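Asks: data.tsv is the file, holding TSV, C-alpha atoms:
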```
chain	number	residue	atom	x	y	z
B	58	MET	CA	31.41	-15.50	26.97
B	59	ASN	CA	28.80	-15.71	29.62
B	60	LEU	CA	25.64	-17.79	29.82
B	61	LYS	CA	23.37	-14.91	28.77
B	62	SER	CA	25.28	-14.28	25.52
B	63	ILE	CA	25.24	-18.01	24.72
B	64	ASN	CA	21.45	-18.15	25.23
B	65	ASN	CA	20.98	-15.07	23.04
B	66	ARG	CA	23.09	-16.68	20.33
B	67	ILE	CA	20.95	-19.85	20.51
B	68	LYS	CA	17.76	-17.76	20.13
B	69	ARG	CA	19.17	-15.92	17.11
B	70	LEU	CA	20.15	-19.20	15.45
B	71	GLU	CA	16.72	-20.73	16.12
B	72	ASN	CA	14.92	-17.70	14.70
B	73	HIS	CA	17.20	-17.45	11.67
B	74	GLY	CA	15.25	-20.02	9.65
B	75	ARG	CA	11.84	-18.44	10.21
B	76	LYS	CA	10.21	-16.48	7.45
B	77	ALA	CA	9.37	-12.85	7.97
B	78	THR	CA	5.71	-12.08	8.54
B	79	GLY	CA	3.81	-8.87	8.62
B	80	THR	CA	2.63	-6.21	6.24
B	81	MET	CA	4.42	-3.08	5.07
B	82	LYS	CA	2.04	-0.28	4.11
B	83	ILE	CA	2.89	2.10	1.26
B	84	ALA	CA	0.54	4.82	0.04
B	85	SER	CA	0.57	7.16	-2.91
B	86	ALA	CA	0.18	10.85	-2.15
B	87	TRP	CA	0.26	13.34	-4.99
B	88	ASN	CA	3.50	12.52	-6.83
B	89	THR	CA	5.18	10.59	-4.03
B	90	TRP	CA	5.00	7.24	-2.28
B	91	ILE	CA	4.92	7.23	1.54
B	92	THR	CA	5.89	4.33	3.78
B	93	LEU	CA	3.40	4.41	6.63
B	94	LYS	CA	5.79	2.67	9.04
B	95	ASP	CA	8.22	5.61	9.24
B	96	GLY	CA	6.64	8.33	7.09
B	97	GLU	CA	9.50	8.47	4.57
B	98	GLN	CA	8.57	9.84	1.14
B	99	PHE	CA	9.94	8.63	-2.20
B	100	GLU	CA	9.50	9.64	-5.82
B	101	THR	CA	8.97	6.07	-7.03
B	102	LEU	CA	7.39	2.95	-5.60
B	103	GLU	CA	10.62	1.07	-6.29
B	104	ASP	CA	12.58	3.49	-4.06
B	105	ALA	CA	10.01	3.01	-1.28
B	106	ILE	CA	10.27	-0.78	-1.55
B	107	LYS	CA	14.08	-0.64	-1.48
B	108	HIS	CA	13.90	1.52	1.65
B	109	VAL	CA	11.56	-0.75	3.61
B	110	LYS	CA	13.34	-3.86	2.36
B	111	SER	CA	16.61	-2.60	3.85
B	112	LYS	CA	15.08	-1.68	7.22
B	113	TYR	CA	12.25	-4.10	8.03
B	114	ALA	CA	11.30	-7.77	7.82
B	115	PHE	CA	7.91	-8.43	6.17
B	116	ASN	CA	6.31	-10.66	3.57
B	117	THR	CA	3.39	-8.56	2.31
B	118	ILE	CA	3.28	-5.09	0.81
B	119	ALA	CA	-0.10	-3.35	1.08
B	120	ILE	CA	-0.35	-0.51	-1.42
B	121	ASP	CA	-2.86	2.31	-1.51
B	122	GLN	CA	-2.82	3.80	-5.01
B	123	VAL	CA	-6.14	5.67	-4.72
B	124	ARG	CA	-4.55	9.14	-4.72
B	125	GLN	CA	-2.52	8.31	-7.82
B	126	VAL	CA	-5.59	6.97	-9.64
B	127	ILE	CA	-7.70	9.98	-8.68
B	128	ASP	CA	-5.01	12.32	-10.00
B	129	SER	CA	-5.15	10.54	-13.37
B	130	LEU	CA	-8.94	10.82	-13.82
B	131	THR	CA	-10.71	13.54	-15.77
B	132	THR	CA	-12.97	16.13	-14.16
B	133	ASP	CA	-16.06	14.43	-15.59
B	134	GLN	CA	-15.00	11.09	-14.11
B	135	LEU	CA	-14.38	12.73	-10.74
B	136	ARG	CA	-17.84	14.33	-10.83
B	137	GLU	CA	-19.39	10.95	-11.59
B	138	ILE	CA	-17.49	9.34	-8.69
B	139	ALA	CA	-18.68	12.10	-6.36
B	140	ARG	CA	-22.26	11.60	-7.51
B	141	ILE	CA	-22.20	7.81	-7.24
B	142	PHE	CA	-20.31	7.39	-3.96
B	143	GLY	CA	-21.55	10.57	-2.33
B	144	SER	CA	-25.25	9.94	-2.82
B	145	ASP	CA	-27.45	9.09	0.13
B	146	ASN	CA	-28.99	6.29	-1.90
B	147	GLN	CA	-26.08	3.80	-2.08
B	148	ASP	CA	-28.52	1.02	-3.05
B	149	ASN	CA	-29.42	2.66	-6.36
B	150	GLU	CA	-29.23	-0.19	-8.87
B	151	GLN	CA	-28.76	2.18	-11.80
B	152	ASP	CA	-25.40	3.31	-10.38
B	153	GLU	CA	-24.13	-0.22	-9.72
B	154	PRO	CA	-22.37	-0.71	-13.11
B	155	ALA	CA	-20.58	2.63	-12.77
B	156	ARG	CA	-19.70	1.86	-9.15
B	157	GLN	CA	-18.16	-1.47	-10.21
B	158	LYS	CA	-16.29	0.26	-13.05
B	159	TYR	CA	-14.62	2.69	-10.64
B	160	TYR	CA	-13.83	-0.02	-8.09
B	161	LYS	CA	-12.08	-1.87	-10.90
B	162	ILE	CA	-10.14	1.23	-11.96
B	163	ILE	CA	-9.04	1.98	-8.39
B	164	PHE	CA	-8.09	-1.58	-7.49
B	165	THR	CA	-6.35	-2.60	-10.73
B	166	PRO	CA	-2.58	-2.40	-10.29
B	167	GLY	CA	-0.94	0.48	-12.10
B	168	ASN	CA	2.19	0.14	-14.22
B	169	GLU	CA	4.51	0.87	-11.30
B	170	ILE	CA	2.88	-1.79	-9.13
B	171	ALA	CA	2.95	-4.36	-11.95
B	172	ALA	CA	6.67	-3.71	-12.44
B	173	ALA	CA	7.31	-4.01	-8.69
B	174	LYS	CA	5.46	-7.35	-8.59
B	175	LYS	CA	7.70	-8.70	-11.34
B	176	LYS	CA	10.86	-7.36	-9.72
B	177	HIS	CA	10.01	-8.57	-6.19
B	178	PRO	CA	8.31	-11.99	-6.48
B	179	GLU	CA	9.32	-12.78	-2.89
B	180	TYR	CA	6.61	-10.42	-1.61
B	181	LYS	CA	2.86	-10.68	-1.75
B	182	PHE	CA	1.27	-7.45	-3.02
B	183	GLU	CA	-2.18	-6.28	-1.93
B	184	LEU	CA	-4.11	-3.29	-3.19
B	185	THR	CA	-6.02	-1.59	-0.43
B	186	SER	CA	-7.20	1.77	0.79
B	187	PHE	CA	-5.89	3.26	4.02
B	188	SER	CA	-7.85	5.66	6.16
B	189	TYR	CA	-7.11	9.37	6.13
B	190	ASP	CA	-5.94	9.08	9.75
B	191	GLU	CA	-3.39	6.36	8.90
B	192	LYS	CA	-1.88	8.45	6.10
B	193	ASN	CA	-1.96	11.66	8.11
B	194	GLU	CA	-0.26	10.00	11.08
B	195	ALA	CA	2.58	8.75	8.86
B	196	MET	CA	3.14	12.20	7.37
B	197	ASN	CA	3.43	13.92	10.77
```
Kindly return the structure encoded in the file as structure tokens.
Replies:
Amino acid sequence: MNLKSINNRIKRLENHGRKATGTMKIASAWNTWITLKDGEQFETLEDAIKHVKSKYAFNTIAIDQVRQVIDSLTTDQLREIARIFGSDNQDNEQDEPARQKYYKIIFTPGNEIAAAKKKHPEYKFELTSFSYDEKNEAMN
């Protein structure tokens, strides 16, 4: 053993007790879940979590379920969302209750996320929305 390997061993031992920090981003896209770190696609959220858990150290999982929620809405609901969020008059007070209703729908954890929270209590889960560029970059 040389001095460099001993110093590296000391650093590894010192860092061993530290908790992992950082956020792992997972997004829904059609009928798949994509890990934005490496662009891998999985059929279930649980498979995506198992994948990132085996490869990376993190303590927070940020999930974008917007695509999955949009796919589950009816055509009439989608038209209403387009009208409310696409209007030039975002300050329209008449649309505020509907706007809040759809924010709640989009940012309420789905069944898969609720099951993942129960199965992985060691992680903090956040519902968020990633930009189109973030998702597109992961898929390429």
Asks: What does the distance between CA of Pro178 in chain B and CA of Thr89 in chain B come to in Å, to one decimal place?
Replies: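 Separation of CA of Pro178 in chain B and CA of Thr89 in chain B: 22.9 Å.
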Asks: What is the distance between CA of Lys174 in chain B and CA of Ser186 in chain B, in Å to one decimal?
Replies: 18.2 Å
Asks: For CA of Ile170 in chain B and CA of Asp190 in chain B, quote the distance in Å rounded to one decimal.
Replies: 23.5 Å
Asks: Which residues are near Glu97 in chain B? Cut-off 12 Å, only C-alpha atoms, ignore same chain within fewer than 3 positions. Put them as a list in words.
Replies: Lys82, Ile83, Ala84, Ser85, Ala86, Thr89, Trp90, Ile91, Thr92, Leu93, Lys94, Glu100, Thr101, Leu102, Asp104, Ala105, Ile106, Lys107, His108, Val109, Lys112, Lys192, Glu194, Ala195, Met196 and Asn197 of chain B
Asks: Kindly indicate which residue among B:Thr117, B:Gln122, B:Thr132, B:Asn168 lies nearest to Gly79 in chain B, using only C-alpha atoms for the distances.
Replies: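 Of the candidates, the smallest distance to Gly79 in chain B is held by B:Thr117.
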Asks: Around (2.3, -11.6, -6.9) in the file's own coordinates, what residues are found within 12 Å if you use only C-alpha atoms, given back as a VMD selection string?
Replies: chain B and resid 116 to 119 166 170 to 184
Asks: Report as number ranges by chain all protein, DNA and RNA residues lying within 10 Å of Ile127 in chain B, evaluated on all atoms listed in the file, omitting residues in the same chain fewer than 4 positions from it.
Replies: B: 87, 122-123, 131-132, 134-135, 138, 162-163
